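Asker: What follows is input_19.txt, made up of compact mmCIF, C-alpha atoms:
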```txt
# COMPACT_ATOMS: atom_id res chain seq x y z
CA MET W 33 153.56 113.90 121.45
CA SER W 34 156.84 111.96 121.51
CA GLY W 35 157.43 113.06 125.12
CA ALA W 36 154.01 111.79 126.16
CA LYS W 37 154.57 108.50 124.30
CA SER W 38 157.89 107.98 126.08
CA ARG W 39 156.19 108.57 129.42
CA GLN W 40 153.42 106.14 128.57
CA ALA W 41 156.01 103.51 127.69
CA ALA W 42 158.00 104.19 130.86
CA ALA W 43 154.86 103.78 132.93
CA ASP W 44 154.01 100.57 131.10
CA LEU W 45 157.48 99.24 131.94
CA LEU W 46 156.76 99.92 135.62
CA ILE W 47 153.45 98.09 135.37
CA GLU W 48 155.08 95.11 133.69
CA THR W 49 157.81 95.10 136.32
CA LEU W 50 156.03 95.88 139.58
CA ASP W 51 152.52 94.57 138.95
CA ASN W 52 153.39 91.61 136.71
CA ARG W 53 156.62 90.81 138.61
CA ARG W 54 158.97 90.85 135.64
CA THR W 55 162.54 92.05 135.51
CA LEU W 56 163.10 95.32 133.64
CA ASP W 57 164.78 93.40 130.81
CA GLU W 58 161.73 91.14 130.55
CA ALA W 59 159.43 94.15 130.68
CA MET W 60 161.26 95.82 127.80
CA ALA W 61 160.85 92.63 125.78
CA THR W 62 157.09 92.40 126.42
CA SER W 63 155.81 96.01 126.53
CA GLU W 64 154.09 96.95 123.27
CA LEU W 65 154.24 100.65 124.11
CA TYR W 66 157.99 100.44 124.61
CA GLU W 67 158.44 98.37 121.44
CA ARG W 68 156.79 101.10 119.35
CA LEU W 69 159.42 103.65 120.34
CA THR W 70 162.71 104.19 118.52
CA GLY W 71 165.96 106.03 119.09
CA PRO W 72 166.11 108.70 121.81
CA ASP W 73 162.44 108.24 122.72
CA ARG W 74 163.10 104.62 123.64
CA GLY W 75 166.22 105.56 125.57
CA PHE W 76 164.31 108.23 127.50
CA ALA W 77 161.56 105.76 128.43
CA ARG W 78 164.09 103.27 129.73
CA ALA W 79 165.94 105.98 131.66
CA MET W 80 162.73 107.13 133.38
CA ALA W 81 161.70 103.59 134.33
CA SER W 82 165.18 102.74 135.56
CA ALA W 83 165.40 105.91 137.66
CA ALA W 84 162.00 105.25 139.23
CA LEU W 85 162.92 101.66 140.10
CA ARG W 86 166.31 102.64 141.46
CA GLN W 87 164.79 104.85 144.17
CA LEU W 88 161.23 103.59 144.27
CA GLY W 89 160.86 103.50 148.04
CA ARG W 90 162.15 107.03 148.49
CA ILE W 91 159.91 108.28 145.67
CA ASP W 92 156.86 106.78 147.38
CA LYS W 93 157.83 108.41 150.68
CA GLY W 94 158.34 111.72 148.89
CA LEU W 95 154.90 111.53 147.30
CA ALA W 96 153.02 110.32 150.39
CA PRO W 97 152.31 113.79 151.91
CA PHE W 98 150.57 114.85 148.69
CA LEU W 99 148.18 111.87 148.68
CA ASN W 100 145.05 111.25 150.72
CA ARG W 101 145.59 107.49 150.61
CA SER W 102 148.44 105.06 149.99
CA ILE W 103 149.86 105.19 146.48
CA GLU W 104 149.08 101.47 146.22
CA THR W 105 145.34 102.28 146.12
CA ALA W 106 145.73 104.14 142.81
CA THR W 107 145.17 102.27 139.56
CA PRO W 108 148.35 100.75 138.09
CA PRO W 109 148.59 103.30 135.22
CA ALA W 110 148.02 106.28 137.55
CA ARG W 111 150.48 104.91 140.08
CA ALA W 112 153.10 104.27 137.41
CA LEU W 113 152.75 107.71 135.79
CA LEU W 114 152.96 109.38 139.18
CA ARG W 115 156.20 107.60 139.97
CA ILE W 116 157.58 108.40 136.50
CA GLY W 117 156.72 112.06 137.02
CA ALA W 118 158.44 112.14 140.41
CA ALA W 119 161.53 110.45 138.98
CA GLN W 120 161.74 113.15 136.30
CA ALA W 121 161.38 115.93 138.85
CA TRP W 122 163.65 114.64 141.59
CA LEU W 123 166.21 112.46 139.81
CA MET W 124 166.46 113.58 136.18
CA GLU W 125 166.27 117.39 136.50
CA THR W 126 163.45 117.59 133.94
CA PRO W 127 161.97 121.12 133.80
CA PRO W 128 158.91 121.34 136.09
CA HIS W 129 156.53 122.42 133.32
CA ALA W 130 157.54 119.37 131.24
CA VAL W 131 157.16 117.03 134.19
CA VAL W 132 153.57 118.14 134.73
CA SER W 133 152.34 118.87 131.21
CA GLU W 134 153.92 115.92 129.40
CA THR W 135 152.98 113.40 132.09
CA VAL W 136 149.39 114.68 132.16
CA ASP W 137 149.30 114.53 128.35
CA ALA W 138 150.53 110.95 128.59
CA ALA W 139 147.54 110.14 130.77
CA LYS W 140 145.07 111.97 128.50
CA GLY W 141 146.32 110.07 125.46
CA TRP W 142 146.29 106.65 127.13
CA ALA W 143 142.87 105.04 127.56
CA ARG W 144 143.98 103.17 130.67
CA ALA W 145 145.05 106.37 132.45
CA LYS W 146 142.79 109.08 131.00
CA SER W 147 140.55 109.27 134.07
CA ALA W 148 143.59 109.96 136.29
CA SER W 149 144.80 113.08 134.42
CA GLY W 150 143.33 115.54 136.94
CA PHE W 151 144.73 113.59 139.88
CA LEU W 152 148.19 113.50 138.26
CA ASN W 153 148.08 117.22 137.50
CA ALA W 154 147.27 118.11 141.11
CA VAL W 155 149.85 115.84 142.71
CA LEU W 156 152.71 116.55 140.30
CA ARG W 157 152.26 120.32 140.66
CA LYS W 158 152.97 119.84 144.37
CA ALA W 159 155.82 117.40 143.73
CA VAL W 160 157.78 119.70 141.41
CA SER W 161 157.71 122.48 144.00
CA ASP W 162 158.46 120.38 147.09
CA ARG W 163 161.00 117.54 147.15
CA SER W 164 161.72 117.84 150.86
CA HIS W 165 160.06 114.59 151.88
CA PHE W 166 162.01 112.70 149.21
CA ASP W 167 165.27 114.25 150.38
CA LYS W 168 164.55 113.43 154.02
CA ALA W 169 163.86 109.76 153.35
CA PRO W 170 166.80 107.60 154.55
CA VAL W 171 168.90 105.97 151.87
CA THR W 172 167.72 102.51 152.94
CA ALA W 173 164.19 103.57 152.02
CA VAL W 174 165.10 102.65 148.43
CA TRP W 175 164.00 99.14 149.52
CA PRO W 176 160.70 97.83 150.86
CA ASP W 177 160.55 97.79 154.66
CA TRP W 178 160.98 94.00 154.98
CA LEU W 179 164.22 94.12 153.01
CA THR W 180 165.58 97.08 154.95
CA VAL W 181 165.04 95.10 158.18
CA ALA W 182 166.68 92.00 156.68
CA MET W 183 169.72 93.94 155.46
CA MET W 184 170.20 95.81 158.74
CA THR W 185 169.75 92.65 160.80
CA SER W 186 172.30 90.76 158.71
CA LEU W 187 174.87 93.50 158.05
CA GLY W 188 174.32 96.19 160.64
CA VAL W 189 172.96 99.66 160.01
CA GLU W 190 176.17 101.15 158.60
CA ASP W 191 176.96 98.47 156.00
CA ALA W 192 173.31 98.20 154.97
CA ALA W 193 173.32 101.95 154.30
CA LYS W 194 176.50 101.65 152.22
CA ILE W 195 174.91 98.98 150.04
CA ALA W 196 171.78 101.10 149.61
CA GLU W 197 173.96 104.09 148.72
CA ALA W 198 175.63 102.04 145.98
CA GLN W 199 172.21 101.52 144.38
CA LEU W 200 171.59 105.22 143.79
CA ASP W 201 173.78 105.57 140.71
CA GLU W 202 173.54 103.86 137.33
CA PRO W 203 176.31 101.22 137.32
CA ASP W 204 179.30 101.24 134.99
CA LEU W 205 180.02 98.32 132.68
CA HIS W 206 182.72 95.87 133.81
CA LEU W 207 184.66 93.68 131.39
CA THR W 208 186.85 90.63 132.00
CA PRO W 209 189.70 90.30 129.47
CA LYS W 210 190.41 86.81 128.16
CA ASP W 211 193.94 87.42 129.41
CA PRO W 212 193.74 89.27 132.77
CA GLN W 213 197.31 90.48 132.23
CA ASN W 214 195.97 92.62 129.39
CA ALA W 215 193.56 94.57 131.59
CA GLY W 216 195.71 97.70 131.50
CA ALA W 217 196.11 97.65 127.74
CA LEU W 218 192.41 96.95 127.20
CA ALA W 219 191.47 99.81 129.54
CA ALA W 220 193.74 102.18 127.61
CA SER W 221 192.34 101.13 124.23
CA LEU W 222 188.73 101.60 125.39
CA GLU W 223 189.41 104.78 127.40
CA GLY W 224 188.36 102.87 130.50
CA GLU W 225 190.02 102.04 133.81
CA ALA W 226 191.65 98.87 135.12
CA ILE W 227 190.02 97.88 138.43
CA GLY W 228 190.39 95.02 140.86
CA PRO W 229 192.54 92.01 139.99
CA GLY W 230 192.18 92.07 136.21
CA SER W 231 188.90 93.80 135.29
CA VAL W 232 188.16 96.90 133.22
CA ARG W 233 185.52 99.55 133.87
CA VAL W 234 183.99 101.39 130.89
CA PRO W 235 180.98 103.71 130.58
CA THR W 236 177.63 101.97 130.12
CA GLY W 237 176.70 101.59 126.49
CA GLY W 238 175.89 99.14 123.72
CA VAL W 239 177.97 96.06 124.50
CA SER W 240 178.18 94.73 120.95
CA ASP W 241 179.47 98.10 119.71
CA ILE W 242 182.54 98.06 121.97
CA GLU W 243 185.84 97.22 120.30
CA GLY W 244 186.85 93.61 120.91
CA PHE W 245 183.36 92.17 121.36
CA GLU W 246 183.13 90.35 118.05
CA SER W 247 186.70 89.07 118.34
CA GLY W 248 186.00 87.71 121.82
CA ASP W 249 188.76 89.64 123.62
CA TRP W 250 186.55 90.14 126.71
CA TRP W 251 183.13 89.49 128.18
CA VAL W 252 180.80 91.46 130.44
CA GLN W 253 181.25 90.49 134.09
CA ASP W 254 181.11 92.48 137.29
CA VAL W 255 184.50 92.74 138.99
CA ALA W 256 183.14 91.10 142.15
CA ALA W 257 181.62 88.27 140.10
CA ALA W 258 185.08 87.60 138.65
CA LEU W 259 186.64 87.26 142.12
CA PRO W 260 185.49 83.68 142.98
CA VAL W 261 187.38 82.13 140.05
CA ARG W 262 190.48 84.14 140.87
CA LEU W 263 190.33 82.86 144.45
CA LEU W 264 189.85 79.26 143.30
CA GLY W 265 193.49 79.22 142.19
CA VAL W 266 193.07 77.04 139.10
CA GLN W 267 196.21 75.56 137.52
CA PRO W 268 196.50 74.65 133.81
CA GLY W 269 195.35 71.13 133.08
CA GLU W 270 193.30 70.69 136.26
CA THR W 271 189.80 69.23 136.11
CA VAL W 272 187.28 71.83 137.25
CA PHE W 273 183.49 71.68 137.51
CA ASP W 274 181.58 74.93 137.15
CA LEU W 275 178.22 74.13 138.73
CA CYS W 276 175.16 76.31 138.07
CA ALA W 277 177.32 77.75 135.31
CA ALA W 278 175.00 79.97 133.25
CA PRO W 279 175.43 82.60 131.90
CA GLY W 280 179.06 81.54 131.65
CA GLY W 281 181.35 84.36 132.77
CA LYS W 282 183.08 82.13 135.32
CA THR W 283 183.21 79.25 132.82
CA MET W 284 185.16 81.44 130.42
CA GLN W 285 187.52 82.51 133.20
CA LEU W 286 188.22 78.88 134.05
CA ALA W 287 188.77 77.92 130.43
CA ALA W 288 191.04 80.91 129.84
CA ALA W 289 193.12 79.77 132.85
CA GLY W 290 193.82 76.48 131.07
CA ALA W 291 191.52 74.19 133.06
CA LYS W 292 189.58 71.22 131.70
CA VAL W 293 186.12 72.51 132.48
CA THR W 294 182.72 70.92 132.79
CA ALA W 295 180.00 73.57 132.81
CA LEU W 296 176.79 72.22 134.32
CA ASP W 297 173.41 73.92 134.57
CA ARG W 298 169.89 72.58 134.83
CA SER W 299 168.59 74.99 132.16
CA LYS W 300 169.25 74.05 128.53
CA ALA W 301 168.11 77.49 127.43
CA ARG W 302 170.61 79.21 129.72
CA LEU W 303 173.37 76.82 128.61
CA LYS W 304 172.81 77.98 125.04
CA ARG W 305 174.02 81.39 126.15
CA VAL W 306 177.10 79.76 127.72
CA GLU W 307 177.81 77.98 124.43
CA ASP W 308 177.40 81.21 122.44
CA ASN W 309 179.81 83.06 124.74
CA LEU W 310 182.38 80.27 124.56
CA GLU W 311 182.13 80.25 120.78
CA ARG W 312 182.60 84.01 120.55
CA THR W 313 185.66 83.96 122.77
CA GLY W 314 187.22 80.89 121.16
CA LEU W 315 187.18 78.90 124.42
CA SER W 316 184.79 76.11 123.45
CA GLY W 317 187.49 73.49 122.98
CA SER W 318 188.29 73.03 126.67
CA VAL W 319 184.72 73.01 128.01
CA ASP W 320 182.16 70.21 128.20
CA ILE W 321 178.55 71.37 128.53
CA VAL W 322 176.18 69.30 130.68
CA ALA W 323 172.46 69.97 131.19
CA ASP W 324 171.53 68.37 134.52
CA LYS W 325 170.80 69.08 138.15
CA VAL W 326 173.77 69.19 140.52
CA GLU W 327 172.11 66.63 142.81
CA ASP W 328 171.46 64.19 139.94
CA TRP W 329 174.70 64.39 137.94
CA SER W 330 177.37 61.70 138.36
CA PRO W 331 180.71 62.81 136.89
CA PRO W 332 183.01 60.21 135.30
CA ALA W 333 185.79 61.19 137.71
CA PRO W 334 186.11 63.61 140.64
CA ALA W 335 187.32 67.18 140.13
CA ASP W 336 190.47 68.87 141.38
CA ARG W 337 188.46 72.04 142.03
CA ILE W 338 184.80 73.04 141.95
CA LEU W 339 183.11 76.39 141.63
CA LEU W 340 179.53 76.49 142.95
CA ASP W 341 177.80 79.78 142.19
CA ALA W 342 174.58 78.72 143.87
CA PRO W 343 171.03 79.96 143.24
CA CYS W 344 170.24 82.78 145.66
CA SER W 345 168.09 85.82 146.33
CA ALA W 346 170.43 87.94 144.13
CA LEU W 347 170.11 90.86 146.54
CA GLY W 348 173.76 91.70 145.91
CA THR W 349 172.94 92.78 142.35
CA LEU W 350 170.29 95.40 143.15
CA ARG W 351 172.54 98.19 141.88
CA ARG W 352 172.08 96.66 138.42
CA HIS W 353 168.61 95.20 138.93
CA PRO W 354 166.85 97.43 141.51
CA GLU W 355 163.47 95.99 140.61
CA GLY W 356 164.56 92.77 142.33
CA ALA W 357 163.78 94.34 145.70
CA TRP W 358 160.16 94.89 144.67
CA ILE W 359 159.29 91.76 142.69
CA LYS W 360 160.49 89.43 145.45
CA ALA W 361 158.81 88.77 148.81
CA PRO W 362 160.23 87.29 152.02
CA ASP W 363 158.72 83.90 151.17
CA ASP W 364 160.46 83.93 147.79
CA ILE W 365 163.92 84.00 149.33
CA ALA W 366 163.28 81.90 152.45
CA ARG W 367 163.72 78.69 150.47
CA PHE W 368 167.30 79.33 149.36
CA PRO W 369 169.40 78.30 152.41
CA GLU W 370 168.12 74.71 152.33
CA ILE W 371 168.81 74.47 148.59
CA GLN W 372 172.27 75.99 148.97
CA ALA W 373 173.33 73.60 151.73
CA ARG W 374 172.10 70.65 149.68
CA LEU W 375 174.08 71.82 146.63
CA ILE W 376 177.29 72.20 148.65
CA GLU W 377 176.92 68.67 150.05
CA ALA W 378 176.34 67.27 146.54
CA SER W 379 179.31 69.22 145.16
CA LEU W 380 181.67 67.90 147.83
CA GLN W 381 180.87 64.35 146.73
CA MET W 382 182.24 65.21 143.26
CA LEU W 383 185.53 66.54 144.64
CA LYS W 384 188.81 64.70 145.15
CA PRO W 385 189.92 64.37 148.80
CA GLY W 386 191.88 67.52 149.55
CA GLY W 387 190.29 69.27 146.58
CA THR W 388 189.04 72.85 146.74
CA LEU W 389 185.46 74.10 146.51
CA ILE W 390 184.50 77.75 146.19
CA TYR W 391 180.94 78.46 147.31
CA CYS W 392 179.63 81.87 146.29
CA VAL W 393 176.30 83.69 146.18
CA CYS W 394 175.46 87.19 144.98
CA THR W 395 173.71 88.22 148.16
CA PRO W 396 175.00 89.84 151.36
CA LEU W 397 172.52 88.07 153.67
CA LYS W 398 174.18 85.85 156.26
CA ARG W 399 171.46 83.23 156.07
CA GLU W 400 172.52 82.48 152.49
CA GLY W 401 176.22 82.87 153.16
CA VAL W 402 178.07 82.14 156.37
CA GLU W 403 175.13 80.38 158.02
CA VAL W 404 174.87 77.92 155.13
CA VAL W 405 178.61 77.27 155.28
CA GLU W 406 178.54 76.71 159.04
CA LYS W 407 175.72 74.18 158.62
CA VAL W 408 177.75 72.23 156.06
CA LEU W 409 180.92 72.40 158.14
CA ALA W 410 179.05 70.87 161.07
CA SER W 411 178.47 67.72 159.01
CA GLY W 412 182.22 67.04 159.12
CA GLY W 413 182.82 66.37 155.42
CA CYS W 414 184.89 69.47 154.75
CA ALA W 415 187.01 72.20 156.30
CA ARG W 416 187.15 75.93 155.71
CA ALA W 417 190.30 77.17 153.95
CA GLY W 418 190.10 80.83 154.84
CA PHE W 419 191.35 83.73 152.77
CA SER W 420 193.96 86.30 153.79
CA ALA W 421 193.94 90.03 153.16
CA GLU W 422 196.72 89.43 150.64
CA ASP W 423 194.46 87.00 148.73
CA LEU W 424 191.75 89.62 148.44
CA GLY W 425 193.70 92.72 147.43
CA GLU W 426 191.29 95.63 146.97
CA PHE W 427 188.48 93.52 148.47
CA ALA W 428 190.40 93.00 151.74
CA ASN W 429 187.91 95.19 153.61
CA GLY W 430 185.39 92.38 153.12
CA LEU W 431 187.45 89.71 154.93
CA THR W 432 185.38 88.23 157.76
CA GLU W 433 186.54 86.91 161.11
CA ASP W 434 185.96 83.38 159.80
CA GLY W 435 188.16 83.88 156.74
CA ASP W 436 185.33 84.22 154.21
CA VAL W 437 184.78 87.35 152.13
CA LEU W 438 181.79 89.61 151.58
CA THR W 439 182.54 92.18 148.89
CA LEU W 440 181.29 95.22 150.76
CA PRO W 441 181.70 98.73 149.26
CA ASN W 442 185.41 99.57 149.25
CA GLY W 443 185.37 103.23 148.25
CA LYS W 444 187.57 102.54 145.19
CA PHE W 445 185.11 101.30 142.58
CA SER W 446 181.50 100.21 142.55
CA HIS W 447 180.66 96.51 142.32
CA ASP W 448 178.14 93.82 143.22
CA PHE W 449 178.02 92.16 146.62
CA PHE W 450 179.16 88.54 146.77
CA PHE W 451 179.71 86.15 149.66
CA ILE W 452 182.59 83.75 148.95
CA SER W 453 183.85 80.85 151.04
CA ARG W 454 186.63 78.36 150.26
CA LEU W 455 186.26 74.77 151.48
CA THR W 456 188.40 71.65 151.15
CA ARG W 457 187.09 68.10 151.16
CA ASN W 458 188.29 65.93 154.06
```
Would you put the structure from the file into structure tokens?

Answerer:
Amino acid sequence: MSGAKSRQAAADLLIETLDNRRTLDEAMATSELYERLTGPDRGFARAMASAALRQLGRIDKGLAPFLNRSIETATPPARALLRIGAAQAWLMETPPHAVVSETVDAAKGWARAKSASGFLNAVLRKAVSDRSHFDKAPVTAVWPDWLTVAMMTSLGVEDAAKIAEAQLDEPDLHLTPKDPQNAGALAASLEGEAIGPGSVRVPTGGVSDIEGFESGDWWVQDVAAALPVRLLGVQPGETVFDLCAAPGGKTMQLAAAGAKVTALDRSKARLKRVEDNLERTGLSGSVDIVADKVEDWSPPAPADRILLDAPCSALGTLRRHPEGAWIKAPDDIARFPEIQARLIEASLQMLKPGGTLIYCVCTPLKREGVEVVEKVLASGGCARAGFSAEDLGEFANGLTEDGDVLTLPNGKFSHDFFFISRLTRN
């Protein structure tokens, strides 16, 4: 029954995620069915849930011809098991007999889903023999319709499709060495690959088991997330504010570059993670931790440089957190541009005249990127200091006409999607 138990747990993860609007990480921490599993059974449950979330929209379109009504009308357990079954059949190459029998057994042995066992048997028998509707669904169907429209409107059809395509595969793990010059040596020692300007790509696995974790030689950070600090151009001894700093990857980059860093975040709980990371990497000595809101904090003296990684819709990280497309709604992300503009204005007041501010958000939507920057520029308190293709290296394909950068897929390595703009205070 271990196969049925894994499928029950995977379905419960989908319910926790999609119906209770939790991230997959939160779902794994709260699901009792998942908690009861150990070893390979737990790994299999996570893999099924992750696969279903990664291509949820296409799975629903693939199942639609086999249903008399919308999948949303099914009970949450039936809906979740159906999606888990389709993910096994179409994405994980599970033998057809196992897809049907084990998923039906999962329903029979689960009080919440027992009444749906006949329904699941009938639909999954059709699904394992006909994946044509799944295959015909466009790649952008991985998202809900409102998000597909938003992405295409902001980026154009071609770039939106490239970003959707990047979501199809499980992402690799990216590491930032404490000394970026050691990226090649670290890659060789871990049998990984040096990518971008100083990052290392390794296969996904247990982070704490990788050589160099305990000694603090590196930290987990997407290569695109490491780019804003590298573009800030910090010099040793400069005063730098890292605003909205948690979880601390950029803080560690700044400290490793020799800056005198203040890491500010409104969340004390999230700052604890920053402190733990700084302690592990031996970089605590050059960082002051401040729990406050950007708009409320008054620094003792202005900064030479500021990094503002502002709150955003996080739609640029869907390759790592595909559930984000389904647990957010248009109203959830509509509030961000006003907040982002306000944070830039507050940050500029903390900056020395002529000082540099990097504004970045992990979303490709223009309304949270270039449109926010243009609004701030119109106020007259700052000027754009555009990037060059030479500045961006392997991200040069993302250079915009205005001199900002959007880290679009570059065909060399997979990464998240960040908008980055460099401003100077007048």

Asker: Report as a list in words all protein, DNA and RNA residues lying within 7 Å of range 272-274 of chain W, evaluated on only C-alpha atoms, omitting residues in the same chain fewer than 4 positions from it.

Answerer: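 Counting only C-alpha atoms, the residues come to Thr283, Ala291, Lys292, Val293, Thr294, Ala295, Leu296, Ala335, Asp336, Arg337, Ile338, Leu339 and Leu340 of chain W.
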
Asker: Return the padded bounding box of range 255-261 of chain W as JSON: axis-aligned, built from all atoms listed in the file, 5 Å added on each side, with centre and edge lengths in Å to one decimal.

Answerer:
```
{"center_x": 184.5, "center_y": 87.4, "center_z": 140.8, "size_x": 15.8, "size_y": 20.6, "size_z": 14.3}
```

Asker: Measure the distance from CA of Gly75 in chain W to CA of Pro354 in chain W in Å and round it to one decimal.

Answerer: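 Atom-to-atom, CA of Gly75 in chain W and CA of Pro354 in chain W are spaced 17.9 Å apart.
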
Asker: Which polymer residues, protein or nucleic acid, are no farther than 10 Å from (190.1, 101.0, 142.7), counting only C-alpha atoms, as a list in words?

Answerer: Glu225, Ala226, Ile227, Gly228, Pro229, Glu426, Phe427, Asn442, Gly443, Lys444, Phe445 and Ser446 of chain W

Asker: Excluding Ala83 in chain W and any residue of its chain fewer than 5 positions from it, enumerate the residues within 8 Å of it, using only C-alpha atoms, and give them as a PDB file with C-alpha atoms, in the frame of the given file.

Answerer:
```pdb
ATOM      1  CA  ALA W 119     161.530 110.450 138.980  1.00  0.00           C
ATOM      2  CA  LEU W 123     166.210 112.460 139.810  1.00  0.00           C
ATOM      3  CA  MET W 124     166.460 113.580 136.180  1.00  0.00           C
TER       4      MET W 124
END
```

Asker: Kindly assemble as JSON lines a list of the range 105-167 of chain W residues that lie within 12 Å of range 88-100 of chain W, each paired with its nearest atom pair and their distance in Å to one decimal, using all atoms listed in the file, sorted first by chain and then by ascending residue number.

Answerer:
```
{"residue": "W:Thr105", "atom": "CA", "partner": "W:Asn100", "partner_atom": "CA", "distance": 10.1}
{"residue": "W:Ala106", "atom": "CA", "partner": "W:Leu99", "partner_atom": "CA", "distance": 10.0}
{"residue": "W:Arg111", "atom": "CA", "partner": "W:Asp92", "partner_atom": "CA", "distance": 9.9}
{"residue": "W:Ala112", "atom": "CA", "partner": "W:Leu88", "partner_atom": "CA", "distance": 10.7}
{"residue": "W:Leu114", "atom": "CA", "partner": "W:Leu95", "partner_atom": "CA", "distance": 8.6}
{"residue": "W:Arg115", "atom": "CA", "partner": "W:Ile91", "partner_atom": "CA", "distance": 6.8}
{"residue": "W:Ile116", "atom": "CA", "partner": "W:Ile91", "partner_atom": "CA", "distance": 9.5}
{"residue": "W:Gly117", "atom": "CA", "partner": "W:Ile91", "partner_atom": "CA", "distance": 10.0}
{"residue": "W:Ala118", "atom": "CA", "partner": "W:Ile91", "partner_atom": "CA", "distance": 6.7}
{"residue": "W:Ala119", "atom": "CA", "partner": "W:Ile91", "partner_atom": "CA", "distance": 7.2}
{"residue": "W:Gln120", "atom": "CA", "partner": "W:Ile91", "partner_atom": "CA", "distance": 10.7}
{"residue": "W:Ala121", "atom": "CA", "partner": "W:Ile91", "partner_atom": "CA", "distance": 10.4}
{"residue": "W:Trp122", "atom": "CA", "partner": "W:Ile91", "partner_atom": "CA", "distance": 8.4}
{"residue": "W:Leu123", "atom": "CA", "partner": "W:Ile91", "partner_atom": "CA", "distance": 9.6}
{"residue": "W:Phe151", "atom": "CA", "partner": "W:Leu99", "partner_atom": "CA", "distance": 9.6}
{"residue": "W:Leu152", "atom": "CA", "partner": "W:Leu99", "partner_atom": "CA", "distance": 10.5}
{"residue": "W:Asn153", "atom": "CA", "partner": "W:Phe98", "partner_atom": "CA", "distance": 11.7}
{"residue": "W:Ala154", "atom": "CA", "partner": "W:Phe98", "partner_atom": "CA", "distance": 8.9}
{"residue": "W:Val155", "atom": "CA", "partner": "W:Phe98", "partner_atom": "CA", "distance": 6.1}
{"residue": "W:Leu156", "atom": "CA", "partner": "W:Phe98", "partner_atom": "CA", "distance": 8.8}
{"residue": "W:Arg157", "atom": "CA", "partner": "W:Phe98", "partner_atom": "CA", "distance": 9.9}
{"residue": "W:Lys158", "atom": "CA", "partner": "W:Phe98", "partner_atom": "CA", "distance": 7.0}
{"residue": "W:Ala159", "atom": "CA", "partner": "W:Leu95", "partner_atom": "CA", "distance": 6.9}
{"residue": "W:Val160", "atom": "CA", "partner": "W:Leu95", "partner_atom": "CA", "distance": 10.5}
{"residue": "W:Ser161", "atom": "CA", "partner": "W:Phe98", "partner_atom": "CA", "distance": 11.5}
{"residue": "W:Asp162", "atom": "CA", "partner": "W:Gly94", "partner_atom": "CA", "distance": 8.8}
{"residue": "W:Arg163", "atom": "CA", "partner": "W:Gly94", "partner_atom": "CA", "distance": 6.6}
{"residue": "W:Ser164", "atom": "CA", "partner": "W:Gly94", "partner_atom": "CA", "distance": 7.3}
{"residue": "W:His165", "atom": "CA", "partner": "W:Gly94", "partner_atom": "CA", "distance": 4.5}
{"residue": "W:Phe166", "atom": "CA", "partner": "W:Gly94", "partner_atom": "CA", "distance": 3.8}
{"residue": "W:Asp167", "atom": "CA", "partner": "W:Gly94", "partner_atom": "CA", "distance": 7.5}
```
